[in-house]
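Inspection log for the structure reproduced underneath, given as structure tokens.
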There are 2 protein chains.
Amino acid sequence: MADWKVIEGGITAPKGFKSSGITAGLKPSNAPDLALIWSETEAIASGVFTTSEVRAACVDYCRQRLQDKASARAILCNAGQANAATGEQGWQDALDSASALAKELNIDANSILLASTGVIGQRIKMDAMLNAIPQLVSELSEDGGEATAKAIVTTDLVTKSIALETMIDGRPVRIGGIAKGSGMIHPNMATMLGFITCDGLVSTQLWQQMLKRAADKSFNQITVDGDTSTNDSLIALANGQSRTPAITSLDENGQKLEAMLTEVCQYLAKAIARDGEGATCLIEVEVTGASTEASARQIAKTIVGSSLVKSAIFGRDPNWGRIAAAAGRAGVPFKQEDLMIKLGDFLLMEKGQPLNFDRTSASNYLKQAAAGEYLKNDTVLISVSVGDGSSSGKAWGCDLSYDYVKINAEYTT
Amino acid sequence: MADWKVIEGGITAPKGFKSSGITAGLKPSNAPDLALIWSETEAIASGVFTTSEVRAACVDYCRQRLQDKASARAILCNAGQANAATGEQGWQDALDSASALAKELNIDANSILLASTGVIGQRIKMDAMLNAIPQLVSELSEDGGEATAKAIVTTDLVTKSIALETMIDGRPVRIGGIAKGSGMIHPNMATMLGFITCDGLVSTQLWQQMLKRAADKSFNQITVDGDTSTNDSLIALANGQSRTPAITSLDENGQKLEAMLTEVCQYLAKAIARDGEGATCLIEVEVTGASTEASARQIAKTIVGSSLVKSAIFGRDPNWGRIAAAAGRAGVPFKQEDLMIKLGDFLLMEKGQPLNFDRTSASNYLKQAAAGEYLKNDTVLISVSVGDGSSSGKAWGCDLSYDYVKINAEYTT
């Protein structure tokens, strides 16, 4: 099914989308901090948001908008202030932002979605933002993808952007995506944001289902330290400008579109995990042999989220015991005698018992040294099988280093 | 209800109990590694065990024994090898250990309970253990509490032991307890074990209920890094040697006994949290205003388990945002505008909004400095209110320091 190709352009690669990213003066650093994604025509819009009880105004705003009508023309995103824990005034700021942009774009305010990232407890610098909106709109461009990707980051070390193209009934359909997030480097500025554009034509309900499933297999399967933000948002627009037939079911075309959407989300999610604070490598855990995909994902996420597994990998220690213990406490029943654990190609545990890794034998010493050597790769694969079920699942994270503690201990409110 | 007093003697303070702890040669370090707790008469026995799918033989053994009959005469505990992930042979070793001890004590093997702590994947050194059993039995003593507490530890920096006494119908009733565990210092040797003795007379079912509730308010509310062991066990014996009236319901005497049992468990649990790897302080989180005790405990445990909260406290940073974010993702619904957060006596957040902590104002600067200073205490209290519910709950943990990463990264299988 992977019959797509990678193309240039990121978020503006799909037809009928323009975007921009500028410095509005919201961040003290004077780095780009205001982004706009715009569709020529009203696009089907879906969103997946933080489940936290402590939420930013933009999250409540988008939920309400998408409940009223599942379409949109534009997404406005600011970086610098999270507009979370800002009460009634924060809600009013969200409404005012949307109104100002709607006026400038000459569209309905309820066709605008919002996202914020930055310091919790701080209102958006409204004067600066309102002043910048005309420039933001005037700079909308079909080549704006990279500028937009840069304007949504906070403490990220790199921007995260991708575009894929597949053929549906002989015509190209494209999906573009950008994301920000670097785990919880600065936890008050730690939001995970993802924005997806697609020029395919897809029914509202199906697009929402596809996005939810793709998020469950990507953004919801990454963990840097288990903490969840007040602002996490994933928003996907599909504007139908590819002029391909409408996709309304999971037929061949529907499956193709969902597979490509999932790939975009997984690419972005892995990029976030690799950019985790203090990370020296990306960890991918694949669990097979489970009875359901959800339980496989649950075990994979528990392993990749274990501080012990993470610090062992930072220390380049092929420690099967920590992986087995994490699998065991994931809340998914399995028989311990079925447990198999591999690190890359190195079999560490089989049928619930460790292979002999005793370093008193020369061949075992060499085997352990080779497994330790494997851990020096910048991507580490852990494979776990828990039985003879047919379901599998993956999760991604990063190692736990001194720098994680340093960054988080020295951050000041 | 707290009308008990602290007494000497630990696990052997209650009447009719003896214990011992010796060096059997199971640990490479030649430190004490074999412990025995013995009751003169058959005692009511209850247990709470790890919920992990990857379990040590001793855990399955005890579960089966306690299901067959809820009483016991002795608990045998070895340190050095966990006897987990050891398959059929590990199970046989458990049976052989119980048989050998039963013969030496001249009692039924099914009156013996077992616990192990040490390296996962290693069998108990059976020759050394069997050779040591006669000495272990011969050293049983009413003054054995401290020796026993020492013989159950692995990487703990301190032993954990307590005894309390209360009066029931004019006669003393005592509960003693010991525990081991220091979070996951060496995760393959990271078991949490707790053993409780009581000379009160209590019905089987009530004793089990009391122990479960006490564990939920103590051992189940501590977290060092979220990882759970293959060997975690809490076993409580009540032998009735106090000659006080039988307690069969939660009447005044029943409540008194449960309160004292809970206090013993909380004392031991807090001692484990404070002994967490690399810890520089004990963190206590109290959540009030919840609708149920379970939801209050859930929020408290999520906060105390947050890597971000833990590293902020290590850095002496009064970071309300991390505490609010952790509360929000605990999976318990509340209104964010009801959220109140205090650090010691310092109010950080009220009605869902942060108090002005802006350091540009001199008085605020001083307030923040004072809150940072408070964090230098060796016990840090975080109080959170989530509404006007009548239920509350507590959880305990420790800060996350460089030493946690160092210890865990440099540990080698």
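By convention in this document, the chains of the structure tokens carry letters A, B, ... by their order, each chain's residues are numbered from 1, and ligands are numbered from 1 in the order they are shown.
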Q. Neighbours of range 115-121 of chain A within 7 Å (only C-alpha atoms; same-chain residues fewer than 5 positions away dropped), as a ChimeraX atom specification?
A. /A:58,76-86,154,188-189,191,231 /B:321,353-354
Please write the residues from the selection above to a file, keeping N, CA, C and O atoms, as a PDB file, in the first residue's frame.
ATOM      1  N   CYS A  58      -7.632  28.138  23.158  1.00  0.00           N
ATOM      2  CA  CYS A  58      -7.716  27.739  21.747  1.00  0.00           C
ATOM      3  C   CYS A  58      -8.256  26.319  21.590  1.00  0.00           C
ATOM      4  O   CYS A  58      -8.933  26.012  20.606  1.00  0.00           O
ATOM      5  N   LEU A  76      -4.827  29.742  12.533  1.00  0.00           N
ATOM      6  CA  LEU A  76      -3.917  30.763  13.045  1.00  0.00           C
ATOM      7  C   LEU A  76      -3.195  30.198  14.259  1.00  0.00           C
ATOM      8  O   LEU A  76      -3.840  29.697  15.187  1.00  0.00           O
ATOM      9  N   CYS A  77      -1.873  30.261  14.265  1.00  0.00           N
ATOM     10  CA  CYS A  77      -1.108  29.699  15.389  1.00  0.00           C
ATOM     11  C   CYS A  77      -0.084  30.707  15.888  1.00  0.00           C
ATOM     12  O   CYS A  77       0.704  31.239  15.101  1.00  0.00           O
ATOM     13  N   ASN A  78      -0.103  30.960  17.196  1.00  0.00           N
ATOM     14  CA  ASN A  78       0.927  31.831  17.772  1.00  0.00           C
ATOM     15  C   ASN A  78       1.851  31.039  18.685  1.00  0.00           C
ATOM     16  O   ASN A  78       1.437  30.050  19.291  1.00  0.00           O
ATOM     17  N   ALA A  79       3.087  31.474  18.757  1.00  0.00           N
ATOM     18  CA  ALA A  79       4.065  30.847  19.659  1.00  0.00           C
ATOM     19  C   ALA A  79       4.610  31.907  20.599  1.00  0.00           C
ATOM     20  O   ALA A  79       4.841  33.039  20.183  1.00  0.00           O
ATOM     21  N   GLY A  80       4.786  31.546  21.860  1.00  0.00           N
ATOM     22  CA  GLY A  80       5.280  32.520  22.833  1.00  0.00           C
ATOM     23  C   GLY A  80       4.425  32.517  24.086  1.00  0.00           C
ATOM     24  O   GLY A  80       4.937  32.454  25.198  1.00  0.00           O
ATOM     25  N   GLN A  81       3.101  32.562  23.887  1.00  0.00           N
ATOM     26  CA  GLN A  81       2.180  32.510  25.039  1.00  0.00           C
ATOM     27  C   GLN A  81       1.152  31.409  24.769  1.00  0.00           C
ATOM     28  O   GLN A  81       0.574  31.360  23.680  1.00  0.00           O
ATOM     29  N   ALA A  82       0.923  30.557  25.766  1.00  0.00           N
ATOM     30  CA  ALA A  82       0.044  29.399  25.572  1.00  0.00           C
ATOM     31  C   ALA A  82      -1.435  29.756  25.679  1.00  0.00           C
ATOM     32  O   ALA A  82      -2.290  28.994  25.247  1.00  0.00           O
ATOM     33  N   ASN A  83      -1.742  30.896  26.276  1.00  0.00           N
ATOM     34  CA  ASN A  83      -3.136  31.262  26.522  1.00  0.00           C
ATOM     35  C   ASN A  83      -3.887  30.127  27.243  1.00  0.00           C
ATOM     36  O   ASN A  83      -5.033  29.843  26.945  1.00  0.00           O
ATOM     37  N   ALA A  84      -3.207  29.504  28.189  1.00  0.00           N
ATOM     38  CA  ALA A  84      -3.812  28.471  29.054  1.00  0.00           C
ATOM     39  C   ALA A  84      -3.752  28.986  30.478  1.00  0.00           C
ATOM     40  O   ALA A  84      -2.795  29.688  30.834  1.00  0.00           O
ATOM     41  N   ALA A  85      -4.739  28.638  31.287  1.00  0.00           N
ATOM     42  CA  ALA A  85      -4.854  29.163  32.654  1.00  0.00           C
ATOM     43  C   ALA A  85      -4.930  30.681  32.615  1.00  0.00           C
ATOM     44  O   ALA A  85      -4.299  31.380  33.403  1.00  0.00           O
ATOM     45  N   THR A  86      -5.714  31.196  31.682  1.00  0.00           N
ATOM     46  CA  THR A  86      -5.861  32.645  31.517  1.00  0.00           C
ATOM     47  C   THR A  86      -7.311  33.091  31.667  1.00  0.00           C
ATOM     48  O   THR A  86      -7.635  34.253  31.420  1.00  0.00           O
ATOM     49  N   THR A 154       8.835  26.314  19.450  1.00  0.00           N
ATOM     50  CA  THR A 154       9.292  27.040  20.646  1.00  0.00           C
ATOM     51  C   THR A 154      10.733  26.608  20.919  1.00  0.00           C
ATOM     52  O   THR A 154      11.664  27.234  20.442  1.00  0.00           O
ATOM     53  N   ASN A 188       6.598  24.483  30.403  1.00  0.00           N
ATOM     54  CA  ASN A 188       5.543  25.477  30.228  1.00  0.00           C
ATOM     55  C   ASN A 188       5.432  25.909  28.772  1.00  0.00           C
ATOM     56  O   ASN A 188       4.599  26.714  28.422  1.00  0.00           O
ATOM     57  N   MET A 189       6.296  25.392  27.929  1.00  0.00           N
ATOM     58  CA  MET A 189       6.268  25.737  26.506  1.00  0.00           C
ATOM     59  C   MET A 189       6.308  24.453  25.700  1.00  0.00           C
ATOM     60  O   MET A 189       6.944  24.375  24.664  1.00  0.00           O
ATOM     61  N   THR A 191       3.998  22.363  24.232  1.00  0.00           N
ATOM     62  CA  THR A 191       2.883  21.845  23.452  1.00  0.00           C
ATOM     63  C   THR A 191       3.326  21.044  22.237  1.00  0.00           C
ATOM     64  O   THR A 191       4.300  21.363  21.585  1.00  0.00           O
ATOM     65  N   ASN A 231      -2.162  22.307  25.669  1.00  0.00           N
ATOM     66  CA  ASN A 231      -2.449  22.902  24.359  1.00  0.00           C
ATOM     67  C   ASN A 231      -2.380  21.931  23.192  1.00  0.00           C
ATOM     68  O   ASN A 231      -2.603  22.347  22.053  1.00  0.00           O
TER      69      ASN A 231
ATOM     70  N   GLY B 321       2.996  25.562  36.962  1.00  0.00           N
ATOM     71  CA  GLY B 321       2.492  25.100  35.665  1.00  0.00           C
ATOM     72  C   GLY B 321       2.631  23.591  35.508  1.00  0.00           C
ATOM     73  O   GLY B 321       1.737  22.916  34.990  1.00  0.00           O
ATOM     74  N   GLN B 353      -6.103  30.081  38.009  1.00  0.00           N
ATOM     75  CA  GLN B 353      -5.180  31.054  37.427  1.00  0.00           C
ATOM     76  C   GLN B 353      -4.004  31.287  38.365  1.00  0.00           C
ATOM     77  O   GLN B 353      -4.157  31.318  39.580  1.00  0.00           O
ATOM     78  N   PRO B 354      -2.825  31.460  37.772  1.00  0.00           N
ATOM     79  CA  PRO B 354      -1.630  31.631  38.599  1.00  0.00           C
ATOM     80  C   PRO B 354      -1.664  32.962  39.320  1.00  0.00           C
ATOM     81  O   PRO B 354      -2.143  33.952  38.771  1.00  0.00           O
TER      82      PRO B 354
END
(Q) List the spatial neighbours of Ala70 in chain B as an NGL selection string - criterion: any atom at most 9 Å away, only C-alpha atoms, same-chain residues fewer than 2 positions off excluded. (A) :B and (43-46 or 65-68 or 72 or 204-205)
Please produce an output containing all heavy atoms for each residue in the selection, written as a PDB file, in the first residue's frame.
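Result file out-v9.pdb:
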ATOM      1  N   ALA B  43      -0.893 -17.902  62.329  1.00  0.00           N
ATOM      2  CA  ALA B  43      -1.414 -16.521  62.285  1.00  0.00           C
ATOM      3  C   ALA B  43      -2.282 -16.328  61.052  1.00  0.00           C
ATOM      4  O   ALA B  43      -2.034 -16.917  60.006  1.00  0.00           O
ATOM      5  CB  ALA B  43      -0.254 -15.529  62.260  1.00  0.00           C
ATOM      6  N   ILE B  44      -3.312 -15.492  61.227  1.00  0.00           N
ATOM      7  CA  ILE B  44      -4.067 -15.036  60.056  1.00  0.00           C
ATOM      8  C   ILE B  44      -3.087 -14.365  59.104  1.00  0.00           C
ATOM      9  O   ILE B  44      -2.263 -13.557  59.525  1.00  0.00           O
ATOM     10  CB  ILE B  44      -5.141 -14.010  60.500  1.00  0.00           C
ATOM     11  CG1 ILE B  44      -6.166 -14.667  61.430  1.00  0.00           C
ATOM     12  CG2 ILE B  44      -5.821 -13.359  59.301  1.00  0.00           C
ATOM     13  CD1 ILE B  44      -6.920 -15.797  60.803  1.00  0.00           C
ATOM     14  N   ALA B  45      -3.156 -14.704  57.818  1.00  0.00           N
ATOM     15  CA  ALA B  45      -2.187 -14.156  56.861  1.00  0.00           C
ATOM     16  C   ALA B  45      -2.895 -13.546  55.669  1.00  0.00           C
ATOM     17  O   ALA B  45      -3.804 -14.145  55.093  1.00  0.00           O
ATOM     18  CB  ALA B  45      -1.238 -15.252  56.392  1.00  0.00           C
ATOM     19  N   SER B  46      -2.467 -12.329  55.308  1.00  0.00           N
ATOM     20  CA  SER B  46      -2.994 -11.665  54.117  1.00  0.00           C
ATOM     21  C   SER B  46      -1.845 -11.151  53.279  1.00  0.00           C
ATOM     22  O   SER B  46      -0.766 -10.890  53.799  1.00  0.00           O
ATOM     23  CB  SER B  46      -3.870 -10.478  54.510  1.00  0.00           C
ATOM     24  OG  SER B  46      -5.045 -10.935  55.113  1.00  0.00           O
ATOM     25  N   ARG B  65      -0.861 -20.276  48.010  1.00  0.00           N
ATOM     26  CA  ARG B  65      -0.952 -20.669  49.424  1.00  0.00           C
ATOM     27  C   ARG B  65      -2.079 -19.923  50.142  1.00  0.00           C
ATOM     28  O   ARG B  65      -2.857 -20.514  50.884  1.00  0.00           O
ATOM     29  CB  ARG B  65       0.360 -20.353  50.148  1.00  0.00           C
ATOM     30  CG  ARG B  65       1.486 -21.321  49.934  1.00  0.00           C
ATOM     31  CD  ARG B  65       1.253 -22.618  50.700  1.00  0.00           C
ATOM     32  NE  ARG B  65       2.208 -23.638  50.295  1.00  0.00           N
ATOM     33  CZ  ARG B  65       2.076 -24.415  49.217  1.00  0.00           C
ATOM     34  NH1 ARG B  65       1.027 -24.293  48.425  1.00  0.00           N
ATOM     35  NH2 ARG B  65       2.988 -25.327  48.943  1.00  0.00           N
ATOM     36  N   LEU B  66      -2.146 -18.625  49.928  1.00  0.00           N
ATOM     37  CA  LEU B  66      -3.131 -17.815  50.646  1.00  0.00           C
ATOM     38  C   LEU B  66      -4.546 -18.078  50.148  1.00  0.00           C
ATOM     39  O   LEU B  66      -5.508 -17.864  50.886  1.00  0.00           O
ATOM     40  CB  LEU B  66      -2.785 -16.321  50.540  1.00  0.00           C
ATOM     41  CG  LEU B  66      -1.507 -15.928  51.291  1.00  0.00           C
ATOM     42  CD1 LEU B  66      -1.139 -14.472  51.006  1.00  0.00           C
ATOM     43  CD2 LEU B  66      -1.672 -16.146  52.805  1.00  0.00           C
ATOM     44  N   GLN B  67      -4.652 -18.542  48.895  1.00  0.00           N
ATOM     45  CA  GLN B  67      -5.960 -18.918  48.387  1.00  0.00           C
ATOM     46  C   GLN B  67      -6.404 -20.225  49.045  1.00  0.00           C
ATOM     47  O   GLN B  67      -7.568 -20.393  49.408  1.00  0.00           O
ATOM     48  CB  GLN B  67      -5.883 -19.118  46.868  1.00  0.00           C
ATOM     49  CG  GLN B  67      -7.108 -18.662  46.129  1.00  0.00           C
ATOM     50  CD  GLN B  67      -6.751 -18.310  44.687  1.00  0.00           C
ATOM     51  OE1 GLN B  67      -5.870 -18.937  44.083  1.00  0.00           O
ATOM     52  NE2 GLN B  67      -7.412 -17.315  44.136  1.00  0.00           N
ATOM     53  N   ASP B  68      -5.457 -21.148  49.231  1.00  0.00           N
ATOM     54  CA  ASP B  68      -5.771 -22.434  49.871  1.00  0.00           C
ATOM     55  C   ASP B  68      -6.133 -22.256  51.344  1.00  0.00           C
ATOM     56  O   ASP B  68      -7.101 -22.821  51.830  1.00  0.00           O
ATOM     57  CB  ASP B  68      -4.577 -23.393  49.750  1.00  0.00           C
ATOM     58  CG  ASP B  68      -4.322 -23.804  48.307  1.00  0.00           C
ATOM     59  OD1 ASP B  68      -5.197 -23.556  47.457  1.00  0.00           O
ATOM     60  OD2 ASP B  68      -3.243 -24.358  48.033  1.00  0.00           O
ATOM     61  N   ALA B  72      -0.644 -18.596  58.217  1.00  0.00           N
ATOM     62  CA  ALA B  72       0.749 -19.013  58.022  1.00  0.00           C
ATOM     63  C   ALA B  72       1.488 -18.965  59.350  1.00  0.00           C
ATOM     64  O   ALA B  72       1.024 -18.356  60.320  1.00  0.00           O
ATOM     65  CB  ALA B  72       1.435 -18.119  56.998  1.00  0.00           C
ATOM     66  N   THR B 204     -10.213 -13.209  59.419  1.00  0.00           N
ATOM     67  CA  THR B 204      -9.447 -13.351  58.183  1.00  0.00           C
ATOM     68  C   THR B 204      -9.847 -12.336  57.129  1.00  0.00           C
ATOM     69  O   THR B 204      -9.018 -11.631  56.570  1.00  0.00           O
ATOM     70  CB  THR B 204      -9.687 -14.761  57.607  1.00  0.00           C
ATOM     71  OG1 THR B 204      -9.421 -15.694  58.641  1.00  0.00           O
ATOM     72  CG2 THR B 204      -8.780 -15.040  56.427  1.00  0.00           C
ATOM     73  N   GLN B 205     -11.156 -12.285  56.882  1.00  0.00           N
ATOM     74  CA  GLN B 205     -11.630 -11.419  55.813  1.00  0.00           C
ATOM     75  C   GLN B 205     -11.375  -9.949  56.118  1.00  0.00           C
ATOM     76  O   GLN B 205     -10.942  -9.178  55.260  1.00  0.00           O
ATOM     77  CB  GLN B 205     -13.127 -11.660  55.616  1.00  0.00           C
ATOM     78  CG  GLN B 205     -13.593 -11.364  54.209  1.00  0.00           C
ATOM     79  CD  GLN B 205     -15.103 -11.415  54.103  1.00  0.00           C
ATOM     80  OE1 GLN B 205     -15.774 -11.996  54.975  1.00  0.00           O
ATOM     81  NE2 GLN B 205     -15.647 -10.814  53.060  1.00  0.00           N
TER      82      GLN B 205
END
Q.
I'd like to know which of B:Thr262, B:Asn220, B:Gln255, B:Ser141 is closest to Thr50 in chain B, using only C-alpha atoms.
A.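 Checking each of B:Thr262, B:Asn220, B:Gln255, B:Ser141 against Thr50 in chain B, counting only C-alpha atoms, the winner is B:Asn220.
Proximity to chain A was assessed for B:Leu343, B:Ile235, B:Val59, B:Ala326 counting only C-alpha atoms; the smallest distance is recorded for B:Ala326.
CA of Gly177 in chain B lies 8.6 Å from CA of Thr12 in chain B.
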Q) Looking at A:Glu104, A:Glu40, A:Asp169, A:Glu88, which one is nearest to chain B, with distances taken over only C-alpha atoms? A)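 Once distances to chain B are computed over only C-alpha atoms, the minimum belongs to A:Glu88.
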Q: Write out as a VMD selection string the residues lying within 7 Å of Thr223 in chain A, counting only C-alpha atoms and excluding same-chain residues fewer than 5 positions away.
A: chain A and resid 273 305 396 to 397
Written file, previous selection with C-alpha atoms, as a PDB file, in the first residue's frame:
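Saved to out01.pdb:
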ATOM      1  CA  ALA A 273      10.410  11.964  19.668  1.00  0.00           C
ATOM      2  CA  GLY A 305       7.968   5.447  28.407  1.00  0.00           C
ATOM      3  CA  TRP A 396       8.424   5.913  19.799  1.00  0.00           C
ATOM      4  CA  GLY A 397      10.452   7.791  22.342  1.00  0.00           C
TER       5      GLY A 397
END
Q.
Residues within 12 Å of Ala294 in chain A, please, as a PyMOL selection string. Count only C-alpha atoms; anything in the same chain fewer than 3 positions from it doesn't count.
A. chain A and resi 213+216-217+220-221+287-288+290-291+297-301+330-332+391-395
Q. Neighbours of Gly352 in chain A within 7 Å (only C-alpha atoms; same-chain residues fewer than 2 positions away dropped), as a PyMOL selection string?
A. (chain A and resi 336-340+349-350+354) or (chain B and resi 85)
**Q.** All strand (DSSP E or B) residues (DSSP, backbone) inside range 81-277 of chain B, as a PyMOL selection string
**A.** chain B and resi 81+84+112-119+141+160-168+171-180+182+184+193-198+202+222-223+233-238+247
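With CA of Ser52 in chain A on one side and CA of Asp317 in chain B on the other, the separation reads 22.8 Å.
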Q: Please report, as a ChimeraX atom specification, each residue of range 118-358 of chain A to which DSSP assigns helix (DSSP H, G or I) when run on this structure's backbone.
A: /A:126-138,145-151,187-189,204-216,219-221,252-274,293-305,307-314,320-328,336-338
Q: Within 10 Å of Ala31 in chain A, counting only C-alpha atoms, which residues show up once you throw out same-chain ones fewer than 5 positions away? Write them as a PyMOL selection string, please.
A: chain A and resi 22-26+79-80+150-151+153-154
Q) So which residues touch Leu101 in chain B within 12 Å, counting only C-alpha atoms, skipping near sequence neighbours fewer than 4 positions away, as a VMD selection string? A) chain B and resid 35 to 38 73 to 77 94 to 97 105 to 114 129 to 138
